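A.B. asks: This is the structure I want to talk about, given as structure tokens.
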Amino acid sequence: MIDLPPYPPLDPSNYDLIIVGTGVSESVLAAAASSSGSSVLHLDPNPFYGSHFASLSLPDLTSFLHSNSFSSPPPPSSPPLPPSNNHDFISVDLVNRSLYSSVEISSFESEILEEHSRRFNVDLCGPRVVFCADESINLMLKSGANNYVEFKSIDASFVGDSSGELRNVPDSRAAIFKDKSLTLLEKNQLMKFFKLVQSHLASSTENDDTTTVKISEEDMESPFVDFLTKMRLPPKIKSIILYAIAMLDYDQDNMETCRHLLKTKEGIDRMALYIISMGRFSNALGALIYPIYGQGELPQAFCRRAAVKGCIYVLRMPITALLLDKETGGYKGISKMKLSVFLSQRRLINKRKVARGICVIRGSVKADVSNALIVYPPKSLFPEQLTAIRVLQLGSGLAVCPADMHVLYLSTLCDNDDQGIKSLLSAMSNLIRLPDPENHQSDSVVENDTCEAKPILLWRALYVQELVKGEFGGTISSMPSPDGNLNNNEIVESALKLYEQLMGSEELFKEETSVENTTEENDDGVDIED
């Protein structure tokens, strides 16, 4: 490999803030700090933006996963840096820990995929979508970053089970009454519950306790699953609310295995996010949207906003050591630059992991539906399934794959690699069919035992990612890794928390009110404007 030429000296050489890694939280922080007037240097060791939130071509994604997996040999250590001429520094080497394990990549149609490999934009941290009322959308609107990214709607949401049936998630009054899988009694029960939640939210907003119904404080502190039972909702409806609207991971009916028993207060907040998202943008089909060209567009949008405000970007810049000031005991620099350092994913490992899968398929898991979210609640596929499995199908209209293909993202929380991979493979076999090497078919779909069409698998990646917590405080802090959630709210909250520590009460993006729209017209896209 040809060595890259050394970087020319940076001018200025002193910065208020240096951020390493261009993930979502790092990019939000860079945009916010730059907008407040701070001088910011934003580095990334990769040749692309997004770090572990990036969207990559198939060859680049394969290379990244293998080079960042536990099986990869550690990079050679760099020689110690010499002391600075101006201060007495000690060089402290950084050791990078791999984030991924059990990486397995298989190609079943190599010629076709090689021909179109650069037409894929595949997310490293999928499945991930954006709720229309997400905090990331609020920040985009406030900062002007929405002018650098376009979205399209997720067409539908489903709840699946081991039979292969995909049931619609009724998320509005019209959808409830159109749903043929619900009985009239179930429709009335669900409508009554939705009205109760909306009435409670209205009373909380208007501070009016006399004209609207409000959920009692006792109920608000009780487990959400118990409250749903109290409302006499049948198991099927409870499952939809818990796992396809509130987006819970753990089995709420099993206290032995449930690591997060949701209170009704939190459950109502999650339903509020879903309900408010439903009607926020007039041309959005539902509560969920997705960025055209992939999730990697989100950090790039904030990076572009930061660059407009003077942030300096340098890619392909690995950081191998920090400089420790002997006199103060604080980290002061990388090479000759004075800084506060915010590293992406320092290693505070959570015991939990998230298993992820990516499939390229020919055909669709649901006829006439291109972009869809599918949730398999705990125990819906096999008795030992402890956590929900989420599947996101995306089509070529989002510029993530060629026209005759779809990309599937799958994820589930797990305690170990084997447990997570088993859950992913179970969901895959429920939705798609592996090509038969002995009787290869060129058809776009094949039929299963119930005569339902299943798409054919062309390419697959399986891997397990460690969940890394962020750590704030002092002159060096770290951001969390991609989590197991469907959206980026907790990731964004970590950036806001760090911004508050740095800037105090200074308003976030206070002057970002009118930014020139740089995106092209898109009749099918979702306009995210106030």
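Here, A, B, ... name the chains of the structure tokens in the order displayed, residue numbers run from 1 inside each chain, and ligands are numbered from 1 in the same displayed order.
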Counting only C-alpha atoms, what is within 8 Å of stretch 152-169 of chain A, bar same-chain residues fewer than 4 positions away, as a PyMOL selection string?
C.D. replies: chain A and resi 179+181+240+244+284-286+288-292+369-377+380-382+398+430-431+524-526
A.B. asks: Just list as a PyMOL selection string whatever in stretch 345-481 of chain A DSSP marks as alpha helix (DSSP H).
C.D. replies: chain A and resi 417-431
A.B. asks: With all heavy atoms retained, write the just-selected residues as a compact mmCIF listing (two decimals), in the first residue's frame.
C.D. replies:
```txt
# COMPACT_ATOMS: atom_id res chain seq x y z
N ASP A 417 -22.79 -13.74 21.74
CA ASP A 417 -22.86 -13.77 20.28
C ASP A 417 -23.78 -14.87 19.77
O ASP A 417 -24.59 -14.64 18.85
CB ASP A 417 -21.46 -13.96 19.71
CG ASP A 417 -20.56 -12.77 19.95
OD1 ASP A 417 -20.88 -11.97 20.86
OD2 ASP A 417 -19.55 -12.61 19.24
N ASP A 418 -23.67 -16.07 20.33
CA ASP A 418 -24.47 -17.19 19.85
C ASP A 418 -25.97 -16.91 19.99
O ASP A 418 -26.76 -17.21 19.09
CB ASP A 418 -24.11 -18.48 20.61
CG ASP A 418 -22.72 -18.98 20.26
OD1 ASP A 418 -22.18 -18.56 19.22
OD2 ASP A 418 -22.17 -19.79 21.04
N GLN A 419 -26.34 -16.33 21.11
CA GLN A 419 -27.75 -16.02 21.35
C GLN A 419 -28.26 -15.01 20.32
O GLN A 419 -29.34 -15.16 19.74
CB GLN A 419 -27.91 -15.44 22.76
CG GLN A 419 -29.32 -15.05 23.15
CD GLN A 419 -29.34 -14.26 24.44
OE1 GLN A 419 -28.98 -13.07 24.48
NE2 GLN A 419 -29.72 -14.93 25.52
N GLY A 420 -27.47 -13.98 20.06
CA GLY A 420 -27.90 -12.96 19.11
C GLY A 420 -27.98 -13.47 17.68
O GLY A 420 -28.95 -13.19 16.97
N ILE A 421 -26.97 -14.22 17.26
CA ILE A 421 -26.95 -14.74 15.89
C ILE A 421 -28.11 -15.72 15.68
O ILE A 421 -28.75 -15.73 14.61
CB ILE A 421 -25.60 -15.42 15.58
CG1 ILE A 421 -24.46 -14.39 15.64
CG2 ILE A 421 -25.64 -16.09 14.23
CD1 ILE A 421 -24.56 -13.27 14.65
N LYS A 422 -28.41 -16.53 16.68
CA LYS A 422 -29.53 -17.47 16.57
C LYS A 422 -30.84 -16.73 16.32
O LYS A 422 -31.65 -17.13 15.47
CB LYS A 422 -29.64 -18.31 17.84
CG LYS A 422 -30.84 -19.25 17.85
CD LYS A 422 -30.97 -20.01 19.17
CE LYS A 422 -32.22 -20.89 19.18
NZ LYS A 422 -32.36 -21.63 20.48
N SER A 423 -31.06 -15.63 17.04
CA SER A 423 -32.28 -14.85 16.86
C SER A 423 -32.35 -14.24 15.46
O SER A 423 -33.41 -14.27 14.81
CB SER A 423 -32.35 -13.74 17.92
OG SER A 423 -32.49 -14.29 19.21
N LEU A 424 -31.24 -13.71 14.98
CA LEU A 424 -31.24 -13.11 13.64
C LEU A 424 -31.53 -14.14 12.57
O LEU A 424 -32.31 -13.89 11.64
CB LEU A 424 -29.89 -12.43 13.37
CG LEU A 424 -29.51 -11.24 14.25
CD1 LEU A 424 -28.22 -10.62 13.74
CD2 LEU A 424 -30.61 -10.20 14.30
N LEU A 425 -30.89 -15.30 12.67
CA LEU A 425 -31.11 -16.34 11.67
C LEU A 425 -32.55 -16.83 11.68
O LEU A 425 -33.12 -17.17 10.63
CB LEU A 425 -30.16 -17.51 11.91
CG LEU A 425 -28.67 -17.23 11.64
CD1 LEU A 425 -27.82 -18.42 12.04
CD2 LEU A 425 -28.45 -16.89 10.16
N SER A 426 -33.18 -16.87 12.85
CA SER A 426 -34.57 -17.28 12.94
C SER A 426 -35.48 -16.29 12.20
O SER A 426 -36.38 -16.68 11.46
CB SER A 426 -34.99 -17.38 14.41
OG SER A 426 -36.35 -17.74 14.52
N ALA A 427 -35.22 -14.99 12.39
CA ALA A 427 -36.01 -13.98 11.68
C ALA A 427 -35.77 -14.04 10.18
O ALA A 427 -36.70 -13.90 9.37
CB ALA A 427 -35.69 -12.60 12.23
N MET A 428 -34.51 -14.24 9.80
CA MET A 428 -34.19 -14.33 8.37
C MET A 428 -34.93 -15.49 7.71
O MET A 428 -35.52 -15.34 6.63
CB MET A 428 -32.68 -14.48 8.17
CG MET A 428 -31.88 -13.24 8.47
SD MET A 428 -30.10 -13.55 8.23
CE MET A 428 -29.42 -12.01 8.86
N SER A 429 -34.89 -16.66 8.34
CA SER A 429 -35.54 -17.84 7.74
C SER A 429 -37.05 -17.67 7.68
O SER A 429 -37.72 -18.29 6.85
CB SER A 429 -35.18 -19.10 8.54
OG SER A 429 -35.69 -19.02 9.86
N ASN A 430 -37.59 -16.81 8.55
CA ASN A 430 -39.02 -16.55 8.54
C ASN A 430 -39.44 -15.65 7.39
O ASN A 430 -40.56 -15.72 6.91
CB ASN A 430 -39.43 -15.91 9.88
CG ASN A 430 -40.92 -15.85 10.08
OD1 ASN A 430 -41.54 -14.82 9.84
ND2 ASN A 430 -41.51 -16.96 10.50
N LEU A 431 -38.48 -14.83 6.91
CA LEU A 431 -38.82 -13.84 5.89
C LEU A 431 -38.29 -14.16 4.51
O LEU A 431 -38.91 -13.81 3.50
CB LEU A 431 -38.26 -12.48 6.32
CG LEU A 431 -38.91 -11.80 7.52
CD1 LEU A 431 -38.06 -10.60 7.96
CD2 LEU A 431 -40.32 -11.35 7.18
```
A.B. asks: Please list as a CSV table (one decimal) with all heavy atoms, in the first residue's frame every residue within 9 Å of stretch 121-127 of chain A, counting only C-alpha atoms and excluding residues in the same chain fewer than 3 positions away.
C.D. replies:
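After the write, around05.csv holds the following:
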```
chain,number,residue,atom,x,y,z
A,51,SER,N,-18.2,7.5,11.0
A,51,SER,CA,-17.6,6.5,11.9
A,51,SER,C,-18.5,5.3,11.9
A,51,SER,O,-18.8,4.7,10.9
A,51,SER,CB,-17.4,7.1,13.3
A,51,SER,OG,-16.6,8.2,13.3
A,52,HIS,N,-19.0,4.8,13.1
A,52,HIS,CA,-19.8,3.6,13.2
A,52,HIS,C,-21.3,3.9,12.8
A,52,HIS,O,-22.1,2.9,12.8
A,52,HIS,CB,-19.7,3.0,14.6
A,52,HIS,CG,-18.3,2.5,15.0
A,52,HIS,ND1,-17.8,1.4,14.5
A,52,HIS,CD2,-17.4,3.1,15.7
A,52,HIS,CE1,-16.6,1.2,15.0
A,52,HIS,NE2,-16.3,2.3,15.7
A,53,PHE,N,-21.6,5.1,12.4
A,53,PHE,CA,-22.9,5.4,11.9
A,53,PHE,C,-22.9,5.6,10.4
A,53,PHE,O,-23.9,6.1,9.9
A,53,PHE,CB,-23.4,6.7,12.6
A,53,PHE,CG,-23.7,6.6,14.1
A,53,PHE,CD1,-22.6,6.7,15.0
A,53,PHE,CD2,-25.0,6.4,14.5
A,53,PHE,CE1,-22.9,6.6,16.4
A,53,PHE,CE2,-25.2,6.3,15.9
A,53,PHE,CZ,-24.2,6.4,16.8
A,54,ALA,N,-21.9,5.3,9.7
A,54,ALA,CA,-21.7,5.5,8.3
A,54,ALA,C,-22.6,4.6,7.5
A,54,ALA,O,-23.0,3.6,7.9
A,54,ALA,CB,-20.2,5.4,7.9
A,55,SER,N,-22.8,5.0,6.2
A,55,SER,CA,-23.4,4.2,5.2
A,55,SER,C,-22.3,4.0,4.1
A,55,SER,O,-21.8,4.9,3.6
A,55,SER,CB,-24.6,4.9,4.6
A,55,SER,OG,-25.6,5.2,5.6
A,56,LEU,N,-22.1,2.7,3.8
A,56,LEU,CA,-20.9,2.3,2.9
A,56,LEU,C,-21.4,1.4,1.8
A,56,LEU,O,-22.4,0.8,1.9
A,56,LEU,CB,-19.9,1.6,3.8
A,56,LEU,CG,-19.3,2.4,5.0
A,56,LEU,CD1,-18.4,1.5,5.8
A,56,LEU,CD2,-18.6,3.6,4.6
A,57,SER,N,-20.5,1.3,0.8
A,57,SER,CA,-20.7,0.4,-0.3
A,57,SER,C,-20.4,-1.0,0.3
A,57,SER,O,-19.8,-1.2,1.4
A,57,SER,CB,-19.8,0.6,-1.4
A,57,SER,OG,-18.4,0.5,-1.0
A,58,LEU,N,-20.8,-2.1,-0.4
A,58,LEU,CA,-20.6,-3.4,0.1
A,58,LEU,C,-19.1,-3.7,0.3
A,58,LEU,O,-18.8,-4.3,1.4
A,58,LEU,CB,-21.2,-4.5,-0.9
A,58,LEU,CG,-22.8,-4.5,-1.0
A,58,LEU,CD1,-23.2,-5.6,-1.9
A,58,LEU,CD2,-23.4,-4.6,0.4
A,61,LEU,N,-18.0,-1.7,3.4
A,61,LEU,CA,-18.5,-2.2,4.6
A,61,LEU,C,-17.9,-3.5,5.1
A,61,LEU,O,-17.5,-3.7,6.2
A,61,LEU,CB,-20.0,-2.4,4.5
A,61,LEU,CG,-20.8,-3.0,5.7
A,61,LEU,CD1,-22.0,-2.2,6.0
A,61,LEU,CD2,-21.1,-4.4,5.5
A,65,LEU,N,-15.8,-3.9,8.6
A,65,LEU,CA,-16.2,-4.9,9.7
A,65,LEU,C,-15.0,-5.8,10.0
A,65,LEU,O,-14.7,-6.1,11.2
A,65,LEU,CB,-17.4,-5.7,9.2
A,65,LEU,CG,-18.7,-5.0,9.2
A,65,LEU,CD1,-19.8,-5.9,8.7
A,65,LEU,CD2,-19.1,-4.5,10.6
A,118,ARG,N,-21.0,-0.7,-6.0
A,118,ARG,CA,-20.9,0.7,-5.6
A,118,ARG,C,-22.2,1.4,-5.6
A,118,ARG,O,-22.3,2.6,-5.3
A,118,ARG,CB,-19.9,1.3,-6.5
A,118,ARG,CG,-18.5,0.8,-6.4
A,118,ARG,CD,-17.9,1.2,-5.1
A,118,ARG,NE,-16.6,0.5,-4.9
A,118,ARG,CZ,-15.9,0.7,-3.8
A,118,ARG,NH1,-16.3,1.4,-2.8
A,118,ARG,NH2,-14.7,0.0,-3.6
A,293,TYR,N,-30.1,8.0,0.8
A,293,TYR,CA,-28.7,7.6,0.7
A,293,TYR,C,-28.2,7.0,2.0
A,293,TYR,O,-27.0,6.7,2.2
A,293,TYR,CB,-27.8,8.8,0.3
A,293,TYR,CG,-28.1,9.3,-1.1
A,293,TYR,CD1,-28.7,10.6,-1.2
A,293,TYR,CD2,-27.8,8.6,-2.2
A,293,TYR,CE1,-29.0,11.1,-2.5
A,293,TYR,CE2,-28.0,9.1,-3.5
A,293,TYR,CZ,-28.6,10.3,-3.6
A,293,TYR,OH,-28.9,10.8,-4.8
A,294,GLY,N,-29.1,6.8,3.0
A,294,GLY,CA,-28.7,6.1,4.2
A,294,GLY,C,-28.5,6.9,5.5
A,294,GLY,O,-28.5,8.2,5.4
A,295,GLN,N,-28.4,6.2,6.6
A,295,GLN,CA,-28.2,6.9,7.9
A,295,GLN,C,-27.0,7.7,8.0
A,295,GLN,O,-26.9,8.7,8.8
A,295,GLN,CB,-28.3,5.9,9.0
A,295,GLN,CG,-29.6,5.3,9.3
A,295,GLN,CD,-30.5,6.3,10.0
A,295,GLN,OE1,-30.1,7.2,10.7
A,295,GLN,NE2,-31.9,6.1,9.8
A,296,GLY,N,-26.0,7.4,7.2
A,296,GLY,CA,-24.7,8.2,7.2
A,296,GLY,C,-24.9,9.6,6.8
A,296,GLY,O,-24.0,10.5,7.0
A,356,ARG,N,-26.4,-7.7,14.9
A,356,ARG,CA,-26.9,-7.0,13.7
A,356,ARG,C,-26.7,-7.9,12.5
A,356,ARG,O,-25.8,-8.7,12.4
A,356,ARG,CB,-26.2,-5.7,13.4
A,356,ARG,CG,-26.2,-4.7,14.6
A,356,ARG,CD,-25.7,-3.3,14.2
A,356,ARG,NE,-25.6,-2.4,15.3
A,356,ARG,CZ,-26.5,-1.7,15.8
A,356,ARG,NH1,-27.8,-1.7,15.3
A,356,ARG,NH2,-26.3,-0.9,16.9
A,357,GLY,N,-27.7,-7.7,11.5
A,357,GLY,CA,-27.6,-8.5,10.3
A,357,GLY,C,-28.0,-7.6,9.1
A,357,GLY,O,-28.8,-6.7,9.3
A,358,ILE,N,-27.4,-7.8,8.0
A,358,ILE,CA,-27.7,-7.1,6.8
A,358,ILE,C,-27.9,-8.1,5.7
A,358,ILE,O,-27.1,-9.0,5.5
A,358,ILE,CB,-26.6,-6.1,6.3
A,358,ILE,CG1,-26.3,-5.2,7.5
A,358,ILE,CG2,-27.1,-5.3,5.1
A,358,ILE,CD1,-25.0,-4.3,7.2
A,373,LEU,N,-41.1,-1.6,8.3
A,373,LEU,CA,-40.5,-2.0,9.6
A,373,LEU,C,-41.3,-3.2,10.1
A,373,LEU,O,-42.5,-3.2,10.0
A,373,LEU,CB,-40.6,-0.9,10.6
A,373,LEU,CG,-40.2,-1.3,12.0
A,373,LEU,CD1,-38.7,-1.5,12.1
A,373,LEU,CD2,-40.6,-0.2,13.0
A,390,ARG,N,-36.0,-6.6,15.5
A,390,ARG,CA,-36.5,-5.5,14.5
A,390,ARG,C,-35.9,-5.8,13.2
A,390,ARG,O,-34.7,-6.0,13.0
A,390,ARG,CB,-36.2,-4.1,15.0
A,390,ARG,CG,-36.8,-3.8,16.4
A,390,ARG,CD,-36.6,-2.4,16.8
A,390,ARG,NE,-37.1,-2.2,18.1
A,390,ARG,CZ,-36.3,-2.0,19.2
A,390,ARG,NH1,-35.0,-2.0,19.0
A,390,ARG,NH2,-36.8,-1.8,20.4
A,391,VAL,N,-36.7,-5.6,12.1
A,391,VAL,CA,-36.3,-5.8,10.8
A,391,VAL,C,-36.7,-4.6,10.0
A,391,VAL,O,-37.9,-4.2,10.1
A,391,VAL,CB,-36.9,-7.1,10.1
A,391,VAL,CG1,-36.3,-7.3,8.7
A,391,VAL,CG2,-36.6,-8.3,11.0
A,392,LEU,N,-35.8,-4.0,9.2
A,392,LEU,CA,-36.2,-2.8,8.4
A,392,LEU,C,-35.9,-3.2,6.9
A,392,LEU,O,-34.7,-3.5,6.6
A,392,LEU,CB,-35.4,-1.6,8.8
A,392,LEU,CG,-35.6,-0.3,8.0
A,392,LEU,CD1,-37.1,0.2,8.2
A,392,LEU,CD2,-34.7,0.8,8.5
A,393,GLN,N,-36.9,-3.1,6.1
A,393,GLN,CA,-36.6,-3.3,4.6
A,393,GLN,C,-36.7,-2.0,3.9
A,393,GLN,O,-37.6,-1.2,4.1
A,393,GLN,CB,-37.7,-4.2,4.0
A,393,GLN,CG,-37.6,-4.3,2.5
A,393,GLN,CD,-38.6,-5.2,1.9
A,393,GLN,OE1,-38.5,-6.4,1.9
A,393,GLN,NE2,-39.7,-4.6,1.3
A,399,ALA,N,-32.3,5.1,-2.6
A,399,ALA,CA,-31.0,5.2,-3.1
A,399,ALA,C,-30.0,4.4,-2.3
A,399,ALA,O,-28.8,4.8,-2.1
A,399,ALA,CB,-30.5,6.6,-3.3
A,400,VAL,N,-30.5,3.2,-1.8
A,400,VAL,CA,-29.6,2.4,-1.0
A,400,VAL,C,-29.2,1.1,-1.7
A,400,VAL,O,-28.4,0.3,-1.2
A,400,VAL,CB,-30.2,2.0,0.4
A,400,VAL,CG1,-30.5,3.3,1.2
A,400,VAL,CG2,-31.5,1.3,0.2
A,401,CYS,N,-29.8,0.8,-2.8
A,401,CYS,CA,-29.6,-0.4,-3.6
A,401,CYS,C,-30.1,-0.3,-5.0
A,401,CYS,O,-30.9,0.6,-5.3
A,401,CYS,CB,-30.2,-1.6,-2.8
A,401,CYS,SG,-32.0,-1.5,-2.8
A,407,VAL,N,-32.7,-4.0,0.7
A,407,VAL,CA,-31.8,-4.2,1.8
A,407,VAL,C,-32.6,-4.5,3.0
A,407,VAL,O,-33.5,-3.7,3.3
A,407,VAL,CB,-30.8,-3.1,2.0
A,407,VAL,CG1,-29.9,-3.3,3.2
A,407,VAL,CG2,-30.0,-2.8,0.7
A,408,LEU,N,-32.3,-5.5,3.8
A,408,LEU,CA,-32.9,-5.8,5.1
A,408,LEU,C,-31.9,-5.6,6.2
A,408,LEU,O,-30.7,-6.0,6.1
A,408,LEU,CB,-33.4,-7.3,5.2
A,408,LEU,CG,-34.6,-7.8,4.4
A,408,LEU,CD1,-34.9,-9.2,4.8
A,408,LEU,CD2,-35.8,-6.9,4.6
A,409,TYR,N,-32.3,-4.8,7.2
A,409,TYR,CA,-31.5,-4.7,8.4
A,409,TYR,C,-32.2,-5.4,9.5
A,409,TYR,O,-33.4,-5.3,9.7
A,409,TYR,CB,-31.3,-3.2,8.8
A,409,TYR,CG,-30.5,-2.4,7.7
A,409,TYR,CD1,-31.2,-1.6,6.9
A,409,TYR,CD2,-29.2,-2.5,7.6
A,409,TYR,CE1,-30.5,-0.8,5.9
A,409,TYR,CE2,-28.5,-1.8,6.7
A,409,TYR,CZ,-29.2,-0.9,5.8
A,409,TYR,OH,-28.5,-0.2,4.9
A,410,LEU,N,-31.4,-6.1,10.4
A,410,LEU,CA,-32.0,-6.8,11.5
A,410,LEU,C,-31.1,-6.5,12.7
A,410,LEU,O,-29.9,-6.4,12.6
A,410,LEU,CB,-32.0,-8.3,11.3
A,410,LEU,CG,-32.7,-8.8,10.0
A,410,LEU,CD1,-31.8,-9.0,8.9
A,410,LEU,CD2,-33.4,-10.2,10.3
A,411,SER,N,-31.8,-6.5,13.9
A,411,SER,CA,-31.0,-6.3,15.1
A,411,SER,C,-31.8,-6.9,16.3
A,411,SER,O,-33.0,-6.9,16.3
A,411,SER,CB,-30.7,-4.8,15.4
A,411,SER,OG,-31.8,-4.1,15.8
A,482,PRO,N,-23.1,3.3,18.7
A,482,PRO,CA,-24.5,3.1,18.3
A,482,PRO,C,-25.2,2.1,19.3
A,482,PRO,O,-24.6,1.1,19.6
A,482,PRO,CB,-24.3,2.4,16.9
A,482,PRO,CG,-23.0,3.0,16.4
A,482,PRO,CD,-22.1,3.0,17.6
A,483,ASP,N,-26.4,2.5,19.7
A,483,ASP,CA,-27.1,1.6,20.7
A,483,ASP,C,-28.0,0.7,19.9
A,483,ASP,O,-28.0,0.6,18.7
A,483,ASP,CB,-27.8,2.5,21.7
A,483,ASP,CG,-28.8,3.5,21.0
A,483,ASP,OD1,-29.2,3.2,19.9
A,483,ASP,OD2,-29.0,4.6,21.6
A,484,GLY,N,-28.9,0.0,20.7
A,484,GLY,CA,-29.8,-1.0,20.1
A,484,GLY,C,-31.1,-0.4,19.8
A,484,GLY,O,-32.1,-1.1,19.4
A,485,ASN,N,-31.3,0.9,20.0
A,485,ASN,CA,-32.6,1.6,19.7
A,485,ASN,C,-32.9,1.7,18.3
A,485,ASN,O,-31.9,1.7,17.4
A,485,ASN,CB,-32.6,2.9,20.4
A,485,ASN,CG,-32.6,2.8,22.0
A,485,ASN,OD1,-33.0,1.8,22.5
A,485,ASN,ND2,-32.0,3.8,22.6
A,486,LEU,N,-34.1,2.0,18.0
A,486,LEU,CA,-34.5,2.2,16.6
A,486,LEU,C,-34.2,3.6,16.1
A,486,LEU,O,-34.0,3.9,14.9
A,486,LEU,CB,-36.0,2.0,16.4
A,486,LEU,CG,-36.6,1.9,15.0
A,486,LEU,CD1,-36.0,0.7,14.2
A,486,LEU,CD2,-38.1,1.7,15.0
A,487,ASN,N,-34.1,4.6,17.0
A,487,ASN,CA,-33.8,6.0,16.7
A,487,ASN,C,-32.6,6.4,17.4
A,487,ASN,O,-31.9,5.7,18.1
A,487,ASN,CB,-35.0,6.9,17.0
A,487,ASN,CG,-35.3,7.0,18.4
A,487,ASN,OD1,-34.7,6.3,19.3
A,487,ASN,ND2,-36.3,7.8,18.8
```
A.B. asks: Near stretch 38-47 of chain A, counting only C-alpha atoms, which residues have an atom at most 9 Å away, once you skip same-chain residues fewer than 5 positions from it, shown as a PyMOL selection string?
C.D. replies: chain A and resi 14-22+26-27+30+33+303+306+310-319
A.B. asks: Residues of the last selection are to be written out with N, CA and C atoms, as an mmCIF file, in the first residue's frame.
C.D. replies:
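Listed below is the output, part_20.cif:
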```cif
data_model
loop_
_atom_site.group_PDB
_atom_site.id
_atom_site.type_symbol
_atom_site.label_atom_id
_atom_site.label_comp_id
_atom_site.auth_asym_id
_atom_site.auth_seq_id
_atom_site.Cartn_x
_atom_site.Cartn_y
_atom_site.Cartn_z
ATOM 1 N N ASN A 14 -3.935 25.895 17.654
ATOM 2 C CA ASN A 14 -4.613 25.807 18.951
ATOM 3 C C ASN A 14 -6.121 25.893 18.750
ATOM 4 N N TYR A 15 -6.874 25.041 19.449
ATOM 5 C CA TYR A 15 -8.331 24.992 19.295
ATOM 6 C C TYR A 15 -8.998 24.914 20.663
ATOM 7 N N ASP A 16 -10.204 25.448 20.720
ATOM 8 C CA ASP A 16 -10.999 25.311 21.938
ATOM 9 C C ASP A 16 -11.432 23.870 22.156
ATOM 10 N N LEU A 17 -11.637 23.169 21.059
ATOM 11 C CA LEU A 17 -12.200 21.814 21.148
ATOM 12 C C LEU A 17 -11.707 20.977 19.986
ATOM 13 N N ILE A 18 -11.249 19.774 20.271
ATOM 14 C CA ILE A 18 -10.921 18.816 19.214
ATOM 15 C C ILE A 18 -11.786 17.584 19.427
ATOM 16 N N ILE A 19 -12.451 17.164 18.380
ATOM 17 C CA ILE A 19 -13.362 16.027 18.432
ATOM 18 C C ILE A 19 -12.834 14.953 17.494
ATOM 19 N N VAL A 20 -12.737 13.744 17.997
ATOM 20 C CA VAL A 20 -12.250 12.615 17.200
ATOM 21 C C VAL A 20 -13.419 11.673 16.933
ATOM 22 N N GLY A 21 -13.710 11.424 15.659
ATOM 23 C CA GLY A 21 -14.839 10.596 15.265
ATOM 24 C C GLY A 21 -15.991 11.455 14.775
ATOM 25 N N THR A 22 -16.613 11.036 13.669
ATOM 26 C CA THR A 22 -17.691 11.829 13.069
ATOM 27 C C THR A 22 -19.020 11.098 13.130
ATOM 28 N N GLU A 26 -20.949 13.091 17.936
ATOM 29 C CA GLU A 26 -19.786 13.950 17.723
ATOM 30 C C GLU A 26 -20.097 15.070 16.728
ATOM 31 N N SER A 27 -20.858 14.749 15.683
ATOM 32 C CA SER A 27 -21.170 15.740 14.649
ATOM 33 C C SER A 27 -22.143 16.793 15.154
ATOM 34 N N ALA A 30 -20.063 19.065 17.301
ATOM 35 C CA ALA A 30 -19.217 19.936 16.480
ATOM 36 C C ALA A 30 -20.027 21.092 15.901
ATOM 37 N N ALA A 33 -21.024 23.498 18.905
ATOM 38 C CA ALA A 33 -19.899 24.262 19.426
ATOM 39 C C ALA A 33 -19.424 25.299 18.412
ATOM 40 N N CYS A 303 -22.109 17.866 10.085
ATOM 41 C CA CYS A 303 -20.725 18.234 9.767
ATOM 42 C C CYS A 303 -20.683 19.387 8.763
ATOM 43 N N ALA A 306 -21.443 22.465 10.584
ATOM 44 C CA ALA A 306 -20.294 22.882 11.388
ATOM 45 C C ALA A 306 -19.232 23.540 10.512
ATOM 46 N N GLY A 310 -17.123 27.339 10.475
ATOM 47 C CA GLY A 310 -15.683 27.451 10.685
ATOM 48 C C GLY A 310 -14.994 26.225 11.225
ATOM 49 N N CYS A 311 -15.711 25.149 11.475
ATOM 50 C CA CYS A 311 -15.078 23.919 11.952
ATOM 51 C C CYS A 311 -14.148 23.370 10.873
ATOM 52 N N ILE A 312 -12.965 22.933 11.282
ATOM 53 C CA ILE A 312 -11.981 22.378 10.353
ATOM 54 C C ILE A 312 -12.053 20.860 10.408
ATOM 55 N N TYR A 313 -12.138 20.224 9.225
ATOM 56 C CA TYR A 313 -12.258 18.767 9.138
ATOM 57 C C TYR A 313 -11.011 18.160 8.519
ATOM 58 N N VAL A 314 -10.553 17.068 9.115
ATOM 59 C CA VAL A 314 -9.454 16.291 8.563
ATOM 60 C C VAL A 314 -9.808 14.817 8.700
ATOM 61 N N LEU A 315 -9.980 14.128 7.559
ATOM 62 C CA LEU A 315 -10.211 12.693 7.554
ATOM 63 C C LEU A 315 -8.877 11.960 7.412
ATOM 64 N N ARG A 316 -8.931 10.633 7.552
ATOM 65 C CA ARG A 316 -7.732 9.792 7.493
ATOM 66 C C ARG A 316 -6.686 10.242 8.520
ATOM 67 N N MET A 317 -7.141 10.661 9.661
ATOM 68 C CA MET A 317 -6.235 11.154 10.702
ATOM 69 C C MET A 317 -6.357 10.285 11.950
ATOM 70 N N PRO A 318 -5.638 9.160 12.022
ATOM 71 C CA PRO A 318 -5.688 8.314 13.223
ATOM 72 C C PRO A 318 -4.984 8.998 14.386
ATOM 73 N N ILE A 319 -5.584 8.903 15.543
ATOM 74 C CA ILE A 319 -4.996 9.460 16.768
ATOM 75 C C ILE A 319 -4.445 8.298 17.592
#
```
A.B. asks: Set the distance at 9 Å and use only C-alpha atoms: which residues neighbour A:Leu233 once local chain neighbours fewer than 4 positions away are removed? I'd like the list as a list of chain:residue names.
C.D. replies: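 Close residues of A:Leu233: A:Glu186, A:Gln189, A:Leu190, A:Phe193, A:Leu228, A:Thr229, A:Ile237, A:Lys238.
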